[in-house]
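Participant: Submitted below is the structure of interest, expressed as structure tokens.
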Amino acid sequence: MFAKLFKNSVGRKLIMAATGLGMIGFVVMHLLGNFSIFLGPEGINVYAARLQSLGPLLWVARLGILAMAAFHITFGIWLTLENRRAKPEAYAVRKRQASTFGSETMIYSGLLLLTFVVFHLLHFTLRVIFPETSNLIDSAGRADVFTMVTESFRKFPVVVIYLAAMAVLFFHVGHGFKSLVQTIGLNNDKTLPLFGKASPLLALVLVLGYISIPMLILFGLVKG
């Protein structure tokens, strides 16, 4: 059955929708976990220690998320190329009917987010960037994630990178959520306007949540 989804555009769109929904769910859960930094060193260091205590299960989850992202990216590129082949630029004037900046740039915003995710993994997961603050231990013998995060976001260029990435996330989720709702069939006259408003609102809430962390740290409002 899964193989059949690969063979037609409807199936590929369903895979895009399912993986997109899963990734939005991950982004929400990741944000809630990140909010533990507002509880101080004890909050986020305990949270990180509990994640690490999952052992192999944590890596199973990480690999599952990476696989989901790989499917989403692969089918996103596939469908984009299909659409371009099906609708070649044959007109001198291109009409933009019901299109938005977010919808027109989904492939580019997706690739930019992929670049940011690689940076983010190198930064906070693999701890290759700023190694001088990445392997510290707190007084309880746990990884000092609080210091790693706060010291990173006291560097203005790092904050700029994260803010730029969140702007890209806004446009991607702002159109993506509405698009996946249409794909799964919730696009009647009553629900479509509702989801059309809910999609950018969801994106805005996520972005504001994520940028609150580096901004409050940069301005010295998060202290241990």
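In the structure tokens, chains take the letters A, B, ... in the order shown, each chain's residues start at 1, and ligands count up from 1 in the order shown.
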Find the residues near Phe130 of chain A: any atom within 12 Å, counting only C-alpha atoms, skip ones fewer than 3 places away on the same chain, and give them as a PyMOL selection string.

Facilitator: chain A and resi 119-120+122-127+133-136+147-153+155+158

Participant: Per DSSP on the backbone, filter segment 47-166 of chain A down to the residues in helix (DSSP H, G or I) and report them as a ChimeraX atom specification.

Facilitator: /A:47-52,56-86,101-104,106-125,131-133,145-152,156-166

Participant: Could you write out that same residue set with C-alpha atoms as a short mmCIF file (atom, residue, chain, number, x, y, z; two decimals), in the first residue's frame?

Facilitator:
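What follows is the written file selection10.cif:
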data_model
loop_
_atom_site.label_atom_id
_atom_site.label_comp_id
_atom_site.auth_asym_id
_atom_site.auth_seq_id
_atom_site.Cartn_x
_atom_site.Cartn_y
_atom_site.Cartn_z
CA TYR A 47 15.01 18.31 31.23
CA ALA A 48 18.11 17.55 29.16
CA ALA A 49 19.25 14.89 31.63
CA ARG A 50 15.88 13.15 31.43
CA LEU A 51 16.08 13.11 27.65
CA GLN A 52 19.56 11.61 27.80
CA PRO A 56 18.83 4.34 22.66
CA LEU A 57 15.18 5.42 22.57
CA LEU A 58 16.30 9.02 22.18
CA TRP A 59 18.30 8.14 19.09
CA VAL A 60 15.40 6.09 17.72
CA ALA A 61 13.22 9.19 18.07
CA ARG A 62 15.88 11.39 16.48
CA LEU A 63 16.33 9.02 13.55
CA GLY A 64 12.55 8.85 13.12
CA ILE A 65 12.35 12.64 12.93
CA LEU A 66 15.25 12.76 10.47
CA ALA A 67 13.57 10.10 8.31
CA MET A 68 10.31 12.07 8.37
CA ALA A 69 12.20 15.22 7.35
CA ALA A 70 13.98 13.33 4.56
CA PHE A 71 10.64 12.12 3.14
CA HIS A 72 9.17 15.61 3.40
CA ILE A 73 12.10 17.21 1.61
CA THR A 74 12.33 14.53 -1.07
CA PHE A 75 8.65 14.62 -1.94
CA GLY A 76 8.60 18.41 -1.74
CA ILE A 77 11.29 18.64 -4.41
CA TRP A 78 9.60 15.89 -6.45
CA LEU A 79 6.22 17.62 -6.46
CA THR A 80 7.77 21.01 -7.21
CA LEU A 81 9.52 19.61 -10.28
CA GLU A 82 6.31 17.85 -11.35
CA ASN A 83 4.33 21.08 -11.10
CA ARG A 84 6.92 22.99 -13.10
CA ARG A 85 6.88 20.39 -15.86
CA ALA A 86 3.08 20.40 -15.91
CA PHE A 101 4.85 34.85 -0.94
CA GLY A 102 4.84 31.77 1.30
CA SER A 103 3.26 29.52 -1.33
CA GLU A 104 5.56 30.77 -4.10
CA MET A 106 7.93 26.90 -0.23
CA ILE A 107 10.77 24.96 -1.85
CA TYR A 108 13.27 27.71 -1.04
CA SER A 109 12.11 28.23 2.53
CA GLY A 110 12.22 24.47 3.03
CA LEU A 111 15.82 24.26 1.82
CA LEU A 112 16.80 27.24 3.99
CA LEU A 113 15.23 25.53 7.00
CA LEU A 114 17.20 22.39 6.19
CA THR A 115 20.40 24.45 6.22
CA PHE A 116 19.43 25.93 9.57
CA VAL A 117 18.62 22.50 11.03
CA VAL A 118 22.12 21.31 10.11
CA PHE A 119 23.57 24.39 11.85
CA HIS A 120 21.32 23.83 14.87
CA LEU A 121 22.37 20.17 15.18
CA LEU A 122 26.04 21.13 14.96
CA HIS A 123 25.42 23.83 17.53
CA PHE A 124 23.38 22.21 20.30
CA THR A 125 23.27 18.45 19.57
CA PRO A 131 32.93 23.81 22.03
CA GLU A 132 34.30 25.92 24.88
CA THR A 133 30.80 26.14 26.39
CA VAL A 145 22.86 23.04 28.95
CA PHE A 146 21.78 26.32 30.54
CA THR A 147 25.26 27.84 30.25
CA MET A 148 25.70 26.46 26.73
CA VAL A 149 22.47 28.09 25.54
CA THR A 150 22.81 31.40 27.37
CA GLU A 151 26.44 31.92 26.36
CA SER A 152 25.56 31.15 22.73
CA PHE A 156 24.70 38.83 18.52
CA PRO A 157 25.59 37.06 15.22
CA VAL A 158 24.16 33.78 16.58
CA VAL A 159 20.93 35.53 17.55
CA VAL A 160 20.67 37.03 14.05
CA ILE A 161 21.00 33.55 12.49
CA TYR A 162 18.21 32.19 14.70
CA LEU A 163 15.95 35.19 14.07
CA ALA A 164 16.43 34.86 10.31
CA ALA A 165 15.63 31.15 10.50
CA MET A 166 12.44 31.85 12.42
#

Participant: Could you state the separation of atom CA of Met16 of chain A and atom CA of Phe35 of chain A in Å, given to one decimal place?

Facilitator: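 So the two atoms, atom CA of Met16 of chain A and atom CA of Phe35 of chain A, lie 28.5 Å apart.
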
Participant: Rounded to one decimal, what separation in Å do you get between atom CA of Ser179 of chain A and atom CA of Gly209 of chain A?

Facilitator: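 Pair atom CA of Ser179 of chain A / atom CA of Gly209 of chain A returns 22.6 Å.
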
Participant: So that I can see what lies close to Gly33 of chain A, please list as a ChimeraX atom specification the residues with an atom at most 9 Å from it, counting only C-alpha atoms and leaving out residues fewer than 3 positions away in the same chain.

Facilitator: /A:28-30,36-37,44,47-48

Participant: Interatomic distance between atom CA of Leu169 of chain A and atom CA of Asp144 of chain A?

Facilitator: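 Interatomic distance here is 28.0 Å.
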
Participant: Tell me which of A:Leu39, A:Val10, A:Ala140, A:Leu180 sits closest to Met23 of chain A, counting only C-alpha atoms.

Facilitator: A:Leu180
